[in-house]
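Shown here: work-v9.pdb, PDB, C-alpha atoms.
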```
ATOM      1  CA  MET O   1      95.686  10.610   3.974  1.00  0.00           C
ATOM      2  CA  ASP O   2      93.016  11.579   1.442  1.00  0.00           C
ATOM      3  CA  LEU O   3      90.372  14.336   1.283  1.00  0.00           C
ATOM      4  CA  ARG O   4      87.831  12.157   3.068  1.00  0.00           C
ATOM      5  CA  ASP O   5      90.194  11.598   5.995  1.00  0.00           C
ATOM      6  CA  LEU O   6      91.084  15.298   6.159  1.00  0.00           C
ATOM      7  CA  THR O   7      87.401  16.229   6.071  1.00  0.00           C
ATOM      8  CA  GLU O   8      86.628  13.877   8.975  1.00  0.00           C
ATOM      9  CA  ARG O   9      89.503  15.280  11.019  1.00  0.00           C
ATOM     10  CA  MET O  10      88.279  18.810  10.279  1.00  0.00           C
ATOM     11  CA  HIS O  11      84.719  17.893  11.368  1.00  0.00           C
ATOM     12  CA  ALA O  12      86.066  16.284  14.562  1.00  0.00           C
ATOM     13  CA  PHE O  13      87.942  19.487  15.372  1.00  0.00           C
ATOM     14  CA  VAL O  14      84.894  21.698  14.698  1.00  0.00           C
ATOM     15  CA  ARG O  15      82.672  19.419  16.801  1.00  0.00           C
ATOM     16  CA  SER O  16      85.221  19.482  19.628  1.00  0.00           C
ATOM     17  CA  LYS O  17      84.930  23.291  19.729  1.00  0.00           C
ATOM     18  CA  GLY O  18      81.123  23.125  19.779  1.00  0.00           C
ATOM     19  CA  TRP O  19      80.831  25.148  16.595  1.00  0.00           C
ATOM     20  CA  TYR O  20      78.162  22.835  15.141  1.00  0.00           C
ATOM     21  CA  GLU O  21      75.889  23.470  18.132  1.00  0.00           C
ATOM     22  CA  PRO O  22      72.761  25.547  17.391  1.00  0.00           C
ATOM     23  CA  ASP O  23      73.768  28.209  19.937  1.00  0.00           C
ATOM     24  CA  SER O  24      77.388  28.418  18.735  1.00  0.00           C
ATOM     25  CA  PRO O  25      78.885  31.912  18.564  1.00  0.00           C
ATOM     26  CA  ARG O  26      80.497  30.687  15.317  1.00  0.00           C
ATOM     27  CA  PRO O  27      77.624  29.200  13.279  1.00  0.00           C
ATOM     28  CA  GLN O  28      79.048  26.963  10.582  1.00  0.00           C
ATOM     29  CA  THR O  29      76.658  28.026   7.803  1.00  0.00           C
ATOM     30  CA  PRO O  30      77.602  27.939   4.117  1.00  0.00           C
ATOM     31  CA  ARG O  31      77.577  31.755   4.008  1.00  0.00           C
ATOM     32  CA  ASN O  32      79.837  32.056   7.061  1.00  0.00           C
ATOM     33  CA  LEU O  33      82.194  29.400   5.744  1.00  0.00           C
ATOM     34  CA  ALA O  34      82.384  31.053   2.301  1.00  0.00           C
ATOM     35  CA  THR O  35      83.148  34.375   4.000  1.00  0.00           C
ATOM     36  CA  SER O  36      85.865  32.768   6.120  1.00  0.00           C
ATOM     37  CA  LEU O  37      87.308  31.064   3.036  1.00  0.00           C
ATOM     38  CA  ALA O  38      87.559  34.402   1.222  1.00  0.00           C
ATOM     39  CA  LEU O  39      89.158  36.075   4.241  1.00  0.00           C
ATOM     40  CA  GLU O  40      91.742  33.308   4.586  1.00  0.00           C
ATOM     41  CA  ALA O  41      92.503  33.495   0.851  1.00  0.00           C
ATOM     42  CA  ALA O  42      93.151  37.221   1.318  1.00  0.00           C
ATOM     43  CA  GLU O  43      95.586  36.347   4.103  1.00  0.00           C
ATOM     44  CA  VAL O  44      97.453  34.164   1.607  1.00  0.00           C
ATOM     45  CA  LEU O  45      97.646  37.155  -0.719  1.00  0.00           C
ATOM     46  CA  GLU O  46      99.119  39.308   2.055  1.00  0.00           C
ATOM     47  CA  HIS O  47     102.253  37.171   1.926  1.00  0.00           C
ATOM     48  CA  PHE O  48     102.853  38.438  -1.618  1.00  0.00           C
ATOM     49  CA  GLN O  49     101.594  41.998  -1.168  1.00  0.00           C
ATOM     50  CA  TRP O  50     104.943  43.724  -1.687  1.00  0.00           C
ATOM     51  CA  SER O  51     107.081  40.930  -3.093  1.00  0.00           C
ATOM     52  CA  ASP O  52     106.921  37.904  -5.359  1.00  0.00           C
ATOM     53  CA  GLU O  53     108.722  35.906  -2.670  1.00  0.00           C
ATOM     54  CA  THR O  54     107.179  34.990   0.662  1.00  0.00           C
ATOM     55  CA  PRO O  55     109.484  35.750   3.564  1.00  0.00           C
ATOM     56  CA  ASP O  56     107.925  33.110   5.806  1.00  0.00           C
ATOM     57  CA  ARG O  57     107.064  29.769   4.212  1.00  0.00           C
ATOM     58  CA  GLN O  58     105.761  28.329   7.491  1.00  0.00           C
ATOM     59  CA  ALA O  59     103.291  31.203   7.909  1.00  0.00           C
ATOM     60  CA  LEU O  60     102.201  30.800   4.274  1.00  0.00           C
ATOM     61  CA  ALA O  61     101.726  27.061   4.849  1.00  0.00           C
ATOM     62  CA  GLY O  62      99.480  27.853   7.815  1.00  0.00           C
ATOM     63  CA  GLU O  63      97.327  30.193   5.725  1.00  0.00           C
ATOM     64  CA  LEU O  64      97.087  27.623   2.906  1.00  0.00           C
ATOM     65  CA  ALA O  65      96.005  25.056   5.495  1.00  0.00           C
ATOM     66  CA  ASP O  66      93.293  27.451   6.736  1.00  0.00           C
ATOM     67  CA  VAL O  67      92.023  27.896   3.162  1.00  0.00           C
ATOM     68  CA  THR O  68      92.002  24.141   2.666  1.00  0.00           C
ATOM     69  CA  LEU O  69      90.122  23.481   5.903  1.00  0.00           C
ATOM     70  CA  TYR O  70      87.408  26.019   5.098  1.00  0.00           C
ATOM     71  CA  LEU O  71      87.148  24.662   1.552  1.00  0.00           C
ATOM     72  CA  LEU O  72      86.771  21.092   2.804  1.00  0.00           C
ATOM     73  CA  GLN O  73      84.170  22.144   5.350  1.00  0.00           C
ATOM     74  CA  LEU O  74      82.165  24.249   2.878  1.00  0.00           C
ATOM     75  CA  ALA O  75      82.122  21.420   0.336  1.00  0.00           C
ATOM     76  CA  SER O  76      81.072  18.908   2.990  1.00  0.00           C
ATOM     77  CA  ILE O  77      78.341  21.124   4.478  1.00  0.00           C
ATOM     78  CA  CYS O  78      76.984  21.765   0.955  1.00  0.00           C
ATOM     79  CA  GLN O  79      77.172  18.021   0.184  1.00  0.00           C
ATOM     80  CA  ILE O  80      79.644  18.457  -2.659  1.00  0.00           C
ATOM     81  CA  ASP O  81      82.066  15.649  -3.419  1.00  0.00           C
ATOM     82  CA  LEU O  82      85.143  17.850  -3.759  1.00  0.00           C
ATOM     83  CA  GLU O  83      87.287  15.125  -5.300  1.00  0.00           C
ATOM     84  CA  GLN O  84      84.688  14.540  -8.031  1.00  0.00           C
ATOM     85  CA  ALA O  85      84.157  18.278  -8.500  1.00  0.00           C
ATOM     86  CA  VAL O  86      87.892  18.745  -9.094  1.00  0.00           C
ATOM     87  CA  LEU O  87      88.010  15.852 -11.553  1.00  0.00           C
ATOM     88  CA  ASP O  88      84.947  17.204 -13.389  1.00  0.00           C
ATOM     89  CA  LYS O  89      86.468  20.680 -13.551  1.00  0.00           C
ATOM     90  CA  LEU O  90      89.773  19.345 -14.880  1.00  0.00           C
ATOM     91  CA  ALA O  91      87.901  17.434 -17.585  1.00  0.00           C
ATOM     92  CA  LEU O  92      85.920  20.554 -18.521  1.00  0.00           C
ATOM     93  CA  ASN O  93      89.028  22.735 -18.546  1.00  0.00           C
ATOM     94  CA  ALA O  94      90.741  20.262 -20.877  1.00  0.00           C
ATOM     95  CA  THR O  95      88.097  21.111 -23.497  1.00  0.00           C
ATOM     96  CA  ARG O  96      88.357  24.887 -23.050  1.00  0.00           C
ATOM     97  CA  THR O  97      90.738  27.328 -24.652  1.00  0.00           C
ATOM     98  CA  TRP O  98      92.140  30.601 -23.426  1.00  0.00           C
ATOM     99  CA  ASP O  99      94.122  33.394 -25.040  1.00  0.00           C
ATOM    100  CA  GLY O 100      92.056  33.727 -28.189  1.00  0.00           C
ATOM    101  CA  GLY O 101      91.434  30.037 -28.632  1.00  0.00           C
ATOM    102  CA  ARG O 102      95.067  28.935 -28.671  1.00  0.00           C
ATOM    103  CA  HIS O 103      96.204  25.958 -26.638  1.00  0.00           C
ATOM    104  CA  THR O 104      99.416  26.234 -24.671  1.00  0.00           C
ATOM    105  CA  GLY O 105     102.238  25.344 -26.977  1.00  0.00           C
ATOM    106  CA  ASP O 106     100.345  26.395 -30.136  1.00  0.00           C
ATOM    107  CA  PRO O 107     102.255  28.954 -32.179  1.00  0.00           C
ATOM    108  CA  SER O 108     101.105  32.555 -31.935  1.00  0.00           C
ATOM    109  CA  PRO O 109      99.829  34.207 -35.100  1.00  0.00           C
ATOM    110  CA  GLY O 110     102.877  35.477 -36.960  1.00  0.00           C
ATOM    111  CA  ASP O 111     105.236  32.890 -35.424  1.00  0.00           C
ATOM    112  CA  PRO O 112     107.360  31.177 -38.058  1.00  0.00           C
ATOM    113  CA  PRO O 113     106.201  27.649 -38.940  1.00  0.00           C
ATOM    114  CA  THR O 114     107.885  24.846 -37.035  1.00  0.00           C
ATOM    115  CA  PRO O 115     110.035  22.660 -39.348  1.00  0.00           C
TER     116      PRO O 115
END
```

Kindly transcribe the structure held in the file into structure tokens.
Amino acid sequence: MDLRDLTERMHAFVRSKGWYEPDSPRPQTPRNLATSLALEAAEVLEHFQWSDETPDRQALAGELADVTLYLLQLASICQIDLEQAVLDKLALNATRTWDGGRHTGDPSPGDPPTP
């Protein structure tokens, strides 16, 4: 299954709940979806609030799925090709540097030269 298939299944679910209807108590606007995405991402963070290990992988998986569903829906509603956006971002990130301009694997200043 690819992102397109997942997006269609997500839309089918949302339609089945009536949330795309104009009088829906849960209007599926970009602002509401972005808010929900942020809230679900915070729920992911709760799993690591007091420990580096999550005690419940199944619960974490459910929260990651919620984040993914809101992300897919927000991208679709805003007419963003998420697959292409990810590819574009990876290409851009490949040209960027972090940590003072060093690439991962580059020696730090003061490291002895590699033979």

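Comparing O:Leu37, O:Pro30, O:Asp99, O:Val44 by their smallest distance to Gln58 of chain O, the closest is O:Val44 (using all atoms listed in the file).
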
Determine, counting only C-alpha atoms, which protein, DNA and RNA residues have an atom within 12 Å of an atom of Arg15 of chain O; residues of the same chain fewer than 4 positions away are not included. Present the result as a ChimeraX atom specification.
/O:8-11,19-22,24,26-28,73

Exercise: Glu43 of chain O partners within 12 Å, only C-alpha atoms, chain neighbours under 2 positions left out, as a list in words
Ser36, Leu37, Ala38, Leu39, Glu40, Ala41, Leu45, Glu46, His47, Phe48, Gln49, Ala59, Leu60, Ala61, Gly62, Glu63, Leu64, Ala65, Asp66 and Val67 of chain O

Restricting the output to C-alpha atoms, write the selected residues as an mmCIF file, keeping the file's coordinate frame.
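The result, stored in selection-v3.cif:
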```cif
data_model
loop_
_atom_site.group_PDB
_atom_site.id
_atom_site.type_symbol
_atom_site.label_atom_id
_atom_site.label_comp_id
_atom_site.auth_asym_id
_atom_site.auth_seq_id
_atom_site.Cartn_x
_atom_site.Cartn_y
_atom_site.Cartn_z
ATOM 1 C CA SER O 36 85.865 32.768 6.120
ATOM 2 C CA LEU O 37 87.308 31.064 3.036
ATOM 3 C CA ALA O 38 87.559 34.402 1.222
ATOM 4 C CA LEU O 39 89.158 36.075 4.241
ATOM 5 C CA GLU O 40 91.742 33.308 4.586
ATOM 6 C CA ALA O 41 92.503 33.495 0.851
ATOM 7 C CA LEU O 45 97.646 37.155 -0.719
ATOM 8 C CA GLU O 46 99.119 39.308 2.055
ATOM 9 C CA HIS O 47 102.253 37.171 1.926
ATOM 10 C CA PHE O 48 102.853 38.438 -1.618
ATOM 11 C CA GLN O 49 101.594 41.998 -1.168
ATOM 12 C CA ALA O 59 103.291 31.203 7.909
ATOM 13 C CA LEU O 60 102.201 30.800 4.274
ATOM 14 C CA ALA O 61 101.726 27.061 4.849
ATOM 15 C CA GLY O 62 99.480 27.853 7.815
ATOM 16 C CA GLU O 63 97.327 30.193 5.725
ATOM 17 C CA LEU O 64 97.087 27.623 2.906
ATOM 18 C CA ALA O 65 96.005 25.056 5.495
ATOM 19 C CA ASP O 66 93.293 27.451 6.736
ATOM 20 C CA VAL O 67 92.023 27.896 3.162
#
```

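Taking all atoms listed in the file, the non-local environment of Asp2 of chain O within 12 Å (same-chain residues fewer than 2 positions away omitted) comprises Arg4, Asp5, Leu6, Thr7, Glu8, Arg9, Leu72, Leu82 and Glu83 of chain O.
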
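As for atom CA of Leu33 of chain O and atom CA of Leu3 of chain O, they are spaced 17.7 Å apart.
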
Report, as AutoDock Vina command-line options, the axis-aligned box around all atoms of segment 37-51 of chain O present in the file, extended by 6 Å on each side; give centre and edge lengths in Å to one decimal place.
```
--center_x 97.2 --center_y 37.4 --center_z 0.7 --size_x 31.8 --size_y 24.7 --size_z 19.7
```

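Atom CA of Ala94 of chain O lies 26.8 Å from atom CA of Tyr70 of chain O.
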
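When atom CA of Pro25 of chain O is paired with atom CA of Asp81 of chain O, their separation reads 27.5 Å.
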
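With only C-alpha atoms as the atoms that count, the minimum distance from Ala75 of chain O to the choices O:Arg96, O:Lys17, O:Arg57, O:Arg31 is reached by O:Arg31.
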
Residue rebuild result segment 70-86 of chain O, N, CA and C atoms as a tab-separated table (two decimals), in the coordinates of the input:
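Final output, saved to result-v8.tsv:
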```tsv
chain	number	residue	atom	x	y	z
O	70	TYR	N	88.70	25.40	5.38
O	70	TYR	CA	87.41	26.02	5.10
O	70	TYR	C	86.81	25.47	3.81
O	71	LEU	N	87.64	25.22	2.81
O	71	LEU	CA	87.15	24.66	1.55
O	71	LEU	C	86.57	23.27	1.76
O	72	LEU	N	87.28	22.43	2.51
O	72	LEU	CA	86.77	21.09	2.80
O	72	LEU	C	85.46	21.15	3.57
O	73	GLN	N	85.38	22.05	4.55
O	73	GLN	CA	84.17	22.14	5.35
O	73	GLN	C	83.00	22.67	4.52
O	74	LEU	N	83.23	23.70	3.71
O	74	LEU	CA	82.16	24.25	2.88
O	74	LEU	C	81.64	23.20	1.90
O	75	ALA	N	82.55	22.48	1.27
O	75	ALA	CA	82.12	21.42	0.34
O	75	ALA	C	81.32	20.36	1.06
O	76	SER	N	81.76	19.94	2.23
O	76	SER	CA	81.07	18.91	2.99
O	76	SER	C	79.69	19.37	3.44
O	77	ILE	N	79.61	20.58	3.99
O	77	ILE	CA	78.34	21.12	4.48
O	77	ILE	C	77.34	21.25	3.32
O	78	CYS	N	77.85	21.60	2.14
O	78	CYS	CA	76.98	21.76	0.96
O	78	CYS	C	76.79	20.45	0.20
O	79	GLN	N	77.30	19.36	0.76
O	79	GLN	CA	77.17	18.02	0.18
O	79	GLN	C	77.73	17.95	-1.24
O	80	ILE	N	78.93	18.51	-1.39
O	80	ILE	CA	79.64	18.46	-2.66
O	80	ILE	C	80.83	17.52	-2.50
O	81	ASP	N	80.92	16.55	-3.39
O	81	ASP	CA	82.07	15.65	-3.42
O	81	ASP	C	83.20	16.42	-4.08
O	82	LEU	N	84.09	16.97	-3.26
O	82	LEU	CA	85.14	17.85	-3.76
O	82	LEU	C	86.09	17.13	-4.71
O	83	GLU	N	86.42	15.88	-4.40
O	83	GLU	CA	87.29	15.12	-5.30
O	83	GLU	C	86.66	15.02	-6.68
O	84	GLN	N	85.36	14.67	-6.75
O	84	GLN	CA	84.69	14.54	-8.03
O	84	GLN	C	84.54	15.90	-8.72
O	85	ALA	N	84.28	16.94	-7.93
O	85	ALA	CA	84.16	18.28	-8.50
O	85	ALA	C	85.47	18.71	-9.16
O	86	VAL	N	86.59	18.41	-8.52
O	86	VAL	CA	87.89	18.74	-9.09
O	86	VAL	C	88.13	17.96	-10.38
```
